$ cat protein-v3.txt   # compact mmCIF, N, CA and C atoms
# COMPACT_ATOMS: atom_id res chain seq x y z
N MET C 1 -8.75 -130.07 -49.08
CA MET C 1 -7.93 -129.01 -49.67
C MET C 1 -7.98 -127.80 -48.74
N ASN C 2 -6.83 -127.22 -48.51
CA ASN C 2 -6.74 -126.02 -47.70
C ASN C 2 -7.23 -124.84 -48.53
N THR C 3 -8.38 -124.30 -48.19
CA THR C 3 -8.93 -123.19 -48.97
C THR C 3 -8.22 -121.87 -48.68
N ASP C 4 -7.36 -121.84 -47.66
CA ASP C 4 -6.58 -120.64 -47.39
C ASP C 4 -5.32 -120.58 -48.23
N ALA C 5 -4.92 -121.69 -48.83
CA ALA C 5 -3.74 -121.71 -49.69
C ALA C 5 -4.00 -120.83 -50.91
N LEU C 6 -2.92 -120.27 -51.46
CA LEU C 6 -3.02 -119.36 -52.59
C LEU C 6 -2.00 -119.74 -53.65
N LEU C 7 -2.46 -119.95 -54.87
CA LEU C 7 -1.60 -120.21 -56.01
C LEU C 7 -1.38 -118.89 -56.75
N ILE C 8 -0.12 -118.57 -57.00
CA ILE C 8 0.24 -117.34 -57.71
C ILE C 8 0.86 -117.74 -59.05
N TYR C 9 0.30 -117.22 -60.13
CA TYR C 9 0.76 -117.58 -61.47
C TYR C 9 0.96 -116.31 -62.30
N ASP C 10 1.51 -116.46 -63.50
CA ASP C 10 1.76 -115.33 -64.39
C ASP C 10 0.51 -115.09 -65.24
N GLY C 11 -0.21 -114.04 -64.94
CA GLY C 11 -1.45 -113.72 -65.63
C GLY C 11 -1.26 -113.15 -67.03
N ASP C 12 -0.02 -112.79 -67.40
CA ASP C 12 0.25 -112.29 -68.74
C ASP C 12 0.63 -113.41 -69.70
N CYS C 13 0.91 -114.59 -69.16
CA CYS C 13 1.38 -115.71 -69.96
C CYS C 13 0.20 -116.59 -70.39
N ALA C 14 0.01 -116.71 -71.69
CA ALA C 14 -1.10 -117.52 -72.21
C ALA C 14 -0.93 -118.99 -71.84
N PHE C 15 0.30 -119.50 -71.87
CA PHE C 15 0.54 -120.89 -71.49
C PHE C 15 0.17 -121.12 -70.03
N CYS C 16 0.55 -120.18 -69.17
CA CYS C 16 0.23 -120.30 -67.74
C CYS C 16 -1.29 -120.26 -67.51
N LYS C 17 -1.96 -119.38 -68.21
CA LYS C 17 -3.42 -119.29 -68.07
C LYS C 17 -4.10 -120.56 -68.59
N GLN C 18 -3.59 -121.12 -69.68
CA GLN C 18 -4.13 -122.38 -70.20
C GLN C 18 -3.88 -123.53 -69.23
N SER C 19 -2.70 -123.54 -68.63
CA SER C 19 -2.38 -124.58 -67.64
C SER C 19 -3.30 -124.48 -66.43
N LEU C 20 -3.56 -123.28 -65.98
CA LEU C 20 -4.48 -123.08 -64.86
C LEU C 20 -5.88 -123.53 -65.24
N LYS C 21 -6.32 -123.18 -66.44
CA LYS C 21 -7.65 -123.59 -66.90
C LYS C 21 -7.74 -125.12 -66.94
N TRP C 22 -6.69 -125.77 -67.44
CA TRP C 22 -6.67 -127.24 -67.48
C TRP C 22 -6.81 -127.79 -66.06
N ALA C 23 -6.04 -127.26 -65.14
CA ALA C 23 -6.08 -127.74 -63.75
C ALA C 23 -7.46 -127.53 -63.14
N LEU C 24 -8.06 -126.38 -63.38
CA LEU C 24 -9.40 -126.12 -62.83
C LEU C 24 -10.44 -127.06 -63.42
N ASP C 25 -10.27 -127.42 -64.68
CA ASP C 25 -11.20 -128.34 -65.34
C ASP C 25 -11.02 -129.79 -64.87
N LYS C 26 -9.78 -130.19 -64.57
CA LYS C 26 -9.47 -131.59 -64.27
C LYS C 26 -9.41 -131.93 -62.79
N LEU C 27 -9.02 -130.98 -61.97
CA LEU C 27 -8.81 -131.24 -60.54
C LEU C 27 -10.00 -130.75 -59.73
N PRO C 28 -10.70 -131.64 -59.07
CA PRO C 28 -11.92 -131.23 -58.35
C PRO C 28 -11.66 -130.37 -57.12
N ALA C 29 -10.51 -130.51 -56.50
CA ALA C 29 -10.19 -129.71 -55.32
C ALA C 29 -9.13 -128.69 -55.71
N PHE C 30 -9.42 -127.42 -55.46
CA PHE C 30 -8.47 -126.39 -55.86
C PHE C 30 -8.47 -125.27 -54.84
N CYS C 31 -7.31 -124.67 -54.68
CA CYS C 31 -7.17 -123.56 -53.75
C CYS C 31 -7.51 -122.24 -54.45
N ARG C 32 -7.38 -121.16 -53.72
CA ARG C 32 -7.55 -119.83 -54.32
C ARG C 32 -6.38 -119.60 -55.28
N TYR C 33 -6.56 -118.73 -56.25
CA TYR C 33 -5.49 -118.43 -57.20
C TYR C 33 -5.59 -116.99 -57.64
N VAL C 34 -4.44 -116.41 -57.99
CA VAL C 34 -4.40 -115.02 -58.43
C VAL C 34 -3.15 -114.82 -59.29
N ALA C 35 -3.28 -113.96 -60.29
CA ALA C 35 -2.13 -113.60 -61.11
C ALA C 35 -1.19 -112.73 -60.28
N PHE C 36 0.11 -112.91 -60.46
CA PHE C 36 1.05 -112.12 -59.67
C PHE C 36 0.92 -110.63 -59.95
N GLN C 37 0.37 -110.29 -61.11
CA GLN C 37 0.18 -108.89 -61.47
C GLN C 37 -0.92 -108.23 -60.63
N LYS C 38 -1.71 -109.04 -59.93
CA LYS C 38 -2.85 -108.51 -59.16
C LYS C 38 -2.72 -108.74 -57.66
N VAL C 39 -1.52 -109.06 -57.19
CA VAL C 39 -1.33 -109.33 -55.77
C VAL C 39 -0.02 -108.67 -55.31
N ASP C 40 0.02 -108.29 -54.05
CA ASP C 40 1.24 -107.74 -53.48
C ASP C 40 2.14 -108.91 -53.09
N PHE C 41 2.90 -109.41 -54.07
CA PHE C 41 3.74 -110.59 -53.83
C PHE C 41 4.88 -110.27 -52.86
N ASN C 42 5.30 -109.01 -52.79
CA ASN C 42 6.34 -108.64 -51.83
C ASN C 42 5.86 -108.88 -50.40
N ALA C 43 4.59 -108.61 -50.14
CA ALA C 43 4.03 -108.83 -48.81
C ALA C 43 4.01 -110.31 -48.46
N LEU C 44 4.06 -111.16 -49.47
CA LEU C 44 4.07 -112.61 -49.27
C LEU C 44 5.49 -113.17 -49.20
N GLY C 45 6.48 -112.29 -49.24
CA GLY C 45 7.87 -112.72 -49.15
C GLY C 45 8.47 -113.14 -50.47
N LEU C 46 7.87 -112.73 -51.57
CA LEU C 46 8.38 -113.06 -52.90
C LEU C 46 8.81 -111.78 -53.60
N ASN C 47 9.68 -111.92 -54.59
CA ASN C 47 10.07 -110.76 -55.38
C ASN C 47 9.66 -110.97 -56.84
N LEU C 48 9.88 -109.97 -57.66
CA LEU C 48 9.45 -110.02 -59.06
C LEU C 48 10.08 -111.20 -59.80
N ALA C 49 11.36 -111.42 -59.61
CA ALA C 49 12.02 -112.55 -60.29
C ALA C 49 11.40 -113.88 -59.88
N ASP C 50 11.06 -114.01 -58.60
CA ASP C 50 10.42 -115.25 -58.13
C ASP C 50 9.15 -115.53 -58.92
N VAL C 51 8.26 -114.56 -58.98
CA VAL C 51 6.94 -114.80 -59.58
C VAL C 51 6.97 -114.83 -61.10
N GLN C 52 8.00 -114.28 -61.70
CA GLN C 52 8.12 -114.35 -63.15
C GLN C 52 8.62 -115.71 -63.60
N GLN C 53 9.39 -116.38 -62.77
CA GLN C 53 10.06 -117.61 -63.19
C GLN C 53 9.29 -118.87 -62.89
N GLN C 54 8.37 -118.83 -61.92
CA GLN C 54 7.63 -120.05 -61.60
C GLN C 54 6.36 -119.74 -60.83
N VAL C 55 5.47 -120.71 -60.84
CA VAL C 55 4.24 -120.62 -60.07
C VAL C 55 4.60 -120.80 -58.60
N TRP C 56 3.80 -120.18 -57.71
CA TRP C 56 4.04 -120.28 -56.27
C TRP C 56 2.76 -120.69 -55.57
N LEU C 57 2.92 -121.51 -54.55
CA LEU C 57 1.80 -121.92 -53.69
C LEU C 57 2.15 -121.45 -52.29
N ILE C 58 1.32 -120.58 -51.74
CA ILE C 58 1.51 -120.08 -50.38
C ILE C 58 0.49 -120.80 -49.50
N ASP C 59 1.00 -121.54 -48.53
CA ASP C 59 0.14 -122.30 -47.61
C ASP C 59 0.59 -121.97 -46.19
N GLY C 60 -0.02 -120.97 -45.60
CA GLY C 60 0.41 -120.49 -44.29
C GLY C 60 1.80 -119.89 -44.41
N ASP C 61 2.74 -120.40 -43.64
CA ASP C 61 4.12 -119.92 -43.69
C ASP C 61 4.94 -120.63 -44.76
N ARG C 62 4.38 -121.64 -45.39
CA ARG C 62 5.09 -122.40 -46.42
C ARG C 62 4.96 -121.72 -47.77
N LYS C 63 6.09 -121.64 -48.47
CA LYS C 63 6.13 -121.12 -49.84
C LYS C 63 6.72 -122.20 -50.72
N LEU C 64 5.92 -122.72 -51.62
CA LEU C 64 6.36 -123.77 -52.53
C LEU C 64 6.39 -123.23 -53.95
N GLY C 65 7.53 -123.33 -54.59
CA GLY C 65 7.66 -122.83 -55.95
C GLY C 65 7.79 -123.94 -56.97
N GLY C 66 7.36 -123.65 -58.19
CA GLY C 66 7.56 -124.55 -59.32
C GLY C 66 6.96 -125.93 -59.12
N HIS C 67 7.78 -126.96 -59.30
CA HIS C 67 7.30 -128.34 -59.24
C HIS C 67 6.73 -128.70 -57.87
N LEU C 68 7.23 -128.07 -56.81
CA LEU C 68 6.70 -128.37 -55.47
C LEU C 68 5.27 -127.81 -55.31
N ALA C 69 4.99 -126.69 -55.95
CA ALA C 69 3.62 -126.15 -55.95
C ALA C 69 2.69 -127.08 -56.71
N VAL C 70 3.14 -127.57 -57.86
CA VAL C 70 2.34 -128.50 -58.66
C VAL C 70 2.12 -129.79 -57.88
N SER C 71 3.17 -130.29 -57.26
CA SER C 71 3.06 -131.50 -56.45
C SER C 71 2.01 -131.32 -55.35
N TRP C 72 2.03 -130.19 -54.67
CA TRP C 72 1.08 -129.90 -53.59
C TRP C 72 -0.35 -129.96 -54.12
N LEU C 73 -0.57 -129.34 -55.28
CA LEU C 73 -1.93 -129.34 -55.87
C LEU C 73 -2.41 -130.77 -56.12
N PHE C 74 -1.55 -131.60 -56.69
CA PHE C 74 -1.95 -132.99 -56.97
C PHE C 74 -2.11 -133.80 -55.69
N ARG C 75 -1.22 -133.62 -54.72
CA ARG C 75 -1.28 -134.39 -53.48
C ARG C 75 -2.52 -134.07 -52.65
N ASN C 76 -3.17 -132.94 -52.92
CA ASN C 76 -4.34 -132.54 -52.16
C ASN C 76 -5.65 -132.83 -52.89
N GLN C 77 -5.61 -133.73 -53.85
CA GLN C 77 -6.81 -134.12 -54.59
C GLN C 77 -7.48 -135.32 -53.91
N PRO C 78 -8.79 -135.46 -54.07
CA PRO C 78 -9.48 -136.60 -53.48
C PRO C 78 -9.17 -137.93 -54.19
N ALA C 79 -8.87 -137.88 -55.48
CA ALA C 79 -8.63 -139.11 -56.24
C ALA C 79 -7.20 -139.62 -56.02
N LEU C 80 -7.08 -140.89 -55.78
CA LEU C 80 -5.80 -141.52 -55.50
C LEU C 80 -4.79 -141.31 -56.63
N GLY C 81 -5.23 -141.40 -57.86
CA GLY C 81 -4.32 -141.25 -59.00
C GLY C 81 -3.61 -139.91 -59.00
N TRP C 82 -4.34 -138.83 -58.76
CA TRP C 82 -3.73 -137.50 -58.71
C TRP C 82 -2.77 -137.39 -57.53
N ARG C 83 -3.18 -137.96 -56.38
CA ARG C 83 -2.30 -137.91 -55.20
C ARG C 83 -0.99 -138.67 -55.44
N VAL C 84 -1.08 -139.83 -56.09
CA VAL C 84 0.13 -140.59 -56.41
C VAL C 84 1.03 -139.77 -57.33
N LEU C 85 0.45 -139.14 -58.34
CA LEU C 85 1.24 -138.30 -59.24
C LEU C 85 1.94 -137.19 -58.45
N GLY C 86 1.24 -136.57 -57.53
CA GLY C 86 1.83 -135.52 -56.70
C GLY C 86 3.00 -136.03 -55.87
N TRP C 87 2.84 -137.23 -55.30
CA TRP C 87 3.93 -137.82 -54.51
C TRP C 87 5.11 -138.20 -55.40
N LEU C 88 4.84 -138.66 -56.62
CA LEU C 88 5.93 -138.99 -57.54
C LEU C 88 6.72 -137.74 -57.94
N ILE C 89 6.00 -136.64 -58.18
CA ILE C 89 6.67 -135.38 -58.51
C ILE C 89 7.59 -134.98 -57.37
N LYS C 90 7.11 -135.12 -56.15
CA LYS C 90 7.92 -134.76 -54.98
C LYS C 90 9.05 -135.76 -54.77
N ALA C 91 8.78 -137.04 -54.92
CA ALA C 91 9.80 -138.07 -54.69
C ALA C 91 10.97 -137.95 -55.66
N PHE C 92 10.66 -137.58 -56.89
CA PHE C 92 11.69 -137.42 -57.92
C PHE C 92 12.00 -135.94 -58.12
N SER C 93 12.09 -135.23 -57.02
CA SER C 93 12.24 -133.78 -57.02
C SER C 93 13.37 -133.25 -57.92
N PRO C 94 14.57 -133.82 -57.92
CA PRO C 94 15.62 -133.28 -58.79
C PRO C 94 15.23 -133.33 -60.27
N ILE C 95 14.61 -134.42 -60.67
CA ILE C 95 14.17 -134.55 -62.06
C ILE C 95 12.98 -133.64 -62.32
N SER C 96 12.02 -133.63 -61.41
CA SER C 96 10.83 -132.79 -61.56
C SER C 96 11.21 -131.32 -61.65
N ALA C 97 12.18 -130.90 -60.85
CA ALA C 97 12.62 -129.50 -60.88
C ALA C 97 13.20 -129.15 -62.24
N ARG C 98 13.99 -130.05 -62.81
CA ARG C 98 14.57 -129.80 -64.14
C ARG C 98 13.50 -129.74 -65.22
N VAL C 99 12.55 -130.66 -65.15
CA VAL C 99 11.46 -130.66 -66.13
C VAL C 99 10.66 -129.36 -66.01
N TYR C 100 10.32 -128.98 -64.78
CA TYR C 100 9.55 -127.74 -64.57
C TYR C 100 10.33 -126.55 -65.12
N ARG C 101 11.61 -126.47 -64.78
CA ARG C 101 12.44 -125.35 -65.23
C ARG C 101 12.49 -125.29 -66.76
N TRP C 102 12.61 -126.46 -67.42
CA TRP C 102 12.64 -126.49 -68.88
C TRP C 102 11.32 -125.96 -69.45
N VAL C 103 10.21 -126.44 -68.88
CA VAL C 103 8.89 -125.97 -69.35
C VAL C 103 8.77 -124.46 -69.15
N ALA C 104 9.15 -123.97 -67.97
CA ALA C 104 9.04 -122.54 -67.68
C ALA C 104 9.89 -121.71 -68.65
N GLU C 105 11.09 -122.17 -68.93
CA GLU C 105 11.98 -121.43 -69.83
C GLU C 105 11.54 -121.49 -71.29
N ASN C 106 10.74 -122.50 -71.63
CA ASN C 106 10.31 -122.67 -73.02
C ASN C 106 8.81 -122.50 -73.20
N ARG C 107 8.13 -121.97 -72.22
CA ARG C 107 6.66 -121.88 -72.29
C ARG C 107 6.17 -121.06 -73.46
N HIS C 108 6.96 -120.12 -73.96
CA HIS C 108 6.57 -119.34 -75.13
C HIS C 108 6.58 -120.18 -76.41
N ARG C 109 7.26 -121.33 -76.39
CA ARG C 109 7.33 -122.22 -77.55
C ARG C 109 6.31 -123.35 -77.49
N LEU C 110 5.68 -123.53 -76.34
CA LEU C 110 4.76 -124.65 -76.15
C LEU C 110 3.36 -124.28 -76.63
N PRO C 111 2.51 -125.27 -76.86
CA PRO C 111 1.15 -124.98 -77.32
C PRO C 111 0.44 -123.99 -76.39
N GLY C 112 -0.11 -122.96 -76.98
CA GLY C 112 -0.79 -121.92 -76.22
C GLY C 112 0.12 -120.78 -75.82
N GLY C 113 1.43 -120.98 -75.95
CA GLY C 113 2.39 -119.95 -75.56
C GLY C 113 2.45 -118.83 -76.58
N THR C 114 2.80 -117.64 -76.09
CA THR C 114 2.96 -116.46 -76.93
C THR C 114 4.24 -115.75 -76.53
N ALA C 115 4.58 -114.70 -77.23
CA ALA C 115 5.79 -113.93 -76.90
C ALA C 115 5.73 -113.39 -75.48
N GLU C 116 4.53 -113.09 -74.97
CA GLU C 116 4.38 -112.57 -73.61
C GLU C 116 4.79 -113.60 -72.57
N CYS C 117 4.86 -114.86 -72.96
CA CYS C 117 5.24 -115.93 -72.03
C CYS C 117 6.74 -116.01 -71.81
N THR C 118 7.53 -115.32 -72.63
CA THR C 118 8.98 -115.39 -72.54
C THR C 118 9.44 -114.75 -71.24
N ILE C 119 10.22 -115.49 -70.46
CA ILE C 119 10.71 -114.98 -69.19
C ILE C 119 11.73 -113.88 -69.38
N ASP C 120 12.66 -114.04 -70.32
CA ASP C 120 13.75 -113.08 -70.51
C ASP C 120 13.28 -111.70 -70.92
N ASP C 121 12.13 -111.58 -71.55
CA ASP C 121 11.64 -110.29 -72.03
C ASP C 121 11.01 -109.44 -70.94
N LYS C 122 10.84 -110.01 -69.75
CA LYS C 122 10.18 -109.27 -68.67
C LYS C 122 11.20 -108.46 -67.91
N PRO C 123 10.78 -107.27 -67.41
CA PRO C 123 11.72 -106.39 -66.69
C PRO C 123 12.24 -107.02 -65.42

$ encode --input "protein-v3.txt" --output "C-alpha cells"
Amino acid sequence: MNTDALLIYDGDCAFCKQSLKWALDKLPAFCRYVAFQKVDFNALGLNLADVQQQVWLIDGDRKLGGHLAVSWLFRNQPALGWRVLGWLIKAFSPISARVYRWVAENRHRLPGGTAECTIDDKP
C-alpha cells in the first residue's frame, strides 16, 4: 500500500464516517485519510463541489474520485478477495459509477446517515 496516498472524505457525514470505520476495521492495508473539512483541498486540485459529492484518493499526481477511489483501496489489499473486488469495481466502471453516485446522493437515507449527510443542503 502506498502510504503517501491520501483518502479525502466528508467528515460531517455520519454515513461517510461509518463507511471509513468499516474499511479501517476490515481492510488491513490502508492509506492516510482526512476529512475534507480539515485539509486544503484546493491545493490538491479539488474544489468544494468535488469533495462534497464523493470520496477522493490522491496518489501522487493521480486523483481518483468515487468508485475509482474505492476500487484503488480494494486493489491495494494483501488478500486476493479484496483485490478481485477492486478489479471488478474498475472493470464494471459505468455500473460502479452509477451505484456509487446513487449511494452518495442517498447517503442521508442509508443506515447511519443523518441530515448532515445530504449533499444538496451543503453550500

$ select_by_dssp --input "protein-v3.txt" --residues "range 12-100 of chain C" --states "strand (DSSP E)" --output "number ranges by chain"
C: 32-35, 56-59, 62-65

$ residues_around --input "protein-v3.txt" --residues "range 54-61 of chain C" --least-positions-apart "6" --cutoff "6 Å" --atoms "all atoms listed in the file" --output "MDAnalysis selection string"
chainID C and resid 4:9 69

$ closest_atom_pairs --input "protein-v3.txt" --of "range 49-96 of chain C" --to "range 27-43 of chain C" --cutoff "8 Å" --atoms "only N, CA and C atoms" --output "CSV"
residue,atom,partner,partner_atom,distance
C:Val51,CA,C:Phe36,CA,6.5
C:Gln52,N,C:Phe36,CA,7.6
C:Leu73,C,C:Ala29,C,7.0
C:Phe74,CA,C:Leu27,CA,7.9
C:Asn76,C,C:Ala29,CA,6.0
C:Gln77,CA,C:Ala29,N,5.5
C:Pro78,N,C:Ala29,N,5.8
C:Ala79,N,C:Pro28,N,7.4

$ select_by_dssp --input "protein-v3.txt" --residues "range 56-112 of chain C" --states "helix (DSSP H, G or I)" --output "JSON, numbers by chain"
{"C": [67, 68, 69, 70, 71, 72, 73, 74, 75, 80, 81, 82, 83, 84, 85, 86, 87, 88, 89, 90, 91, 93, 94, 95, 96, 97, 98, 99, 100, 101, 102, 103, 104, 105, 106]}

$ atom_distance --input "protein-v3.txt" --atom1 "atom C of Leu20 in chain C" --atom2 "atom C of Lys63 in chain C"
19.3 Å

$ closest_residue --input "protein-v3.txt" --among "C:Arg109, C:Thr3, C:Leu24, C:Gly66" --to "Gln53 in chain C" --atoms "only C-alpha atoms"
C:Gly66

$ decode --input "protein-v3.txt" --residues "range 91-102 of chain C" --atoms "N, CA, C and O atoms" --output "PDB file, in the first residue's frame"
ATOM      1  N   ALA C  91     -13.448  -2.759 -13.527  1.00  0.00           N
ATOM      2  CA  ALA C  91     -13.825  -3.365 -14.806  1.00  0.00           C
ATOM      3  C   ALA C  91     -15.250  -2.993 -15.216  1.00  0.00           C
ATOM      4  O   ALA C  91     -15.541  -2.827 -16.394  1.00  0.00           O
ATOM      5  N   PHE C  92     -16.127  -2.905 -14.237  1.00  0.00           N
ATOM      6  CA  PHE C  92     -17.527  -2.553 -14.497  1.00  0.00           C
ATOM      7  C   PHE C  92     -17.769  -1.087 -14.139  1.00  0.00           C
ATOM      8  O   PHE C  92     -18.789  -0.725 -13.556  1.00  0.00           O
ATOM      9  N   SER C  93     -16.828  -0.252 -14.512  1.00  0.00           N
ATOM     10  CA  SER C  93     -16.817   1.153 -14.130  1.00  0.00           C
ATOM     11  C   SER C  93     -18.129   1.902 -14.403  1.00  0.00           C
ATOM     12  O   SER C  93     -18.590   2.636 -13.531  1.00  0.00           O
ATOM     13  N   PRO C  94     -18.767   1.759 -15.563  1.00  0.00           N
ATOM     14  CA  PRO C  94     -20.013   2.501 -15.782  1.00  0.00           C
ATOM     15  C   PRO C  94     -21.095   2.138 -14.759  1.00  0.00           C
ATOM     16  O   PRO C  94     -21.795   3.012 -14.243  1.00  0.00           O
ATOM     17  N   ILE C  95     -21.195   0.863 -14.443  1.00  0.00           N
ATOM     18  CA  ILE C  95     -22.176   0.420 -13.452  1.00  0.00           C
ATOM     19  C   ILE C  95     -21.746   0.857 -12.059  1.00  0.00           C
ATOM     20  O   ILE C  95     -22.546   1.376 -11.280  1.00  0.00           O
ATOM     21  N   SER C  96     -20.472   0.663 -11.738  1.00  0.00           N
ATOM     22  CA  SER C  96     -19.946   1.046 -10.427  1.00  0.00           C
ATOM     23  C   SER C  96     -20.127   2.537 -10.175  1.00  0.00           C
ATOM     24  O   SER C  96     -20.467   2.946  -9.062  1.00  0.00           O
ATOM     25  N   ALA C  97     -19.908   3.347 -11.199  1.00  0.00           N
ATOM     26  CA  ALA C  97     -20.073   4.800 -11.056  1.00  0.00           C
ATOM     27  C   ALA C  97     -21.523   5.145 -10.732  1.00  0.00           C
ATOM     28  O   ALA C  97     -21.786   5.997  -9.867  1.00  0.00           O
ATOM     29  N   ARG C  98     -22.462   4.481 -11.386  1.00  0.00           N
ATOM     30  CA  ARG C  98     -23.887   4.744 -11.112  1.00  0.00           C
ATOM     31  C   ARG C  98     -24.271   4.315  -9.700  1.00  0.00           C
ATOM     32  O   ARG C  98     -25.007   5.015  -9.009  1.00  0.00           O
ATOM     33  N   VAL C  99     -23.783   3.150  -9.294  1.00  0.00           N
ATOM     34  CA  VAL C  99     -24.078   2.673  -7.936  1.00  0.00           C
ATOM     35  C   VAL C  99     -23.490   3.643  -6.912  1.00  0.00           C
ATOM     36  O   VAL C  99     -24.166   4.035  -5.956  1.00  0.00           O
ATOM     37  N   TYR C 100     -22.233   4.046  -7.115  1.00  0.00           N
ATOM     38  CA  TYR C 100     -21.594   4.979  -6.177  1.00  0.00           C
ATOM     39  C   TYR C 100     -22.389   6.287  -6.125  1.00  0.00           C
ATOM     40  O   TYR C 100     -22.646   6.819  -5.044  1.00  0.00           O
ATOM     41  N   ARG C 101     -22.743   6.812  -7.283  1.00  0.00           N
ATOM     42  CA  ARG C 101     -23.484   8.077  -7.337  1.00  0.00           C
ATOM     43  C   ARG C 101     -24.821   7.953  -6.599  1.00  0.00           C
ATOM     44  O   ARG C 101     -25.219   8.847  -5.853  1.00  0.00           O
ATOM     45  N   TRP C 102     -25.518   6.817  -6.780  1.00  0.00           N
ATOM     46  CA  TRP C 102     -26.795   6.613  -6.087  1.00  0.00           C
ATOM     47  C   TRP C 102     -26.580   6.604  -4.570  1.00  0.00           C
ATOM     48  O   TRP C 102     -27.325   7.234  -3.830  1.00  0.00           O
TER      49      TRP C 102
END
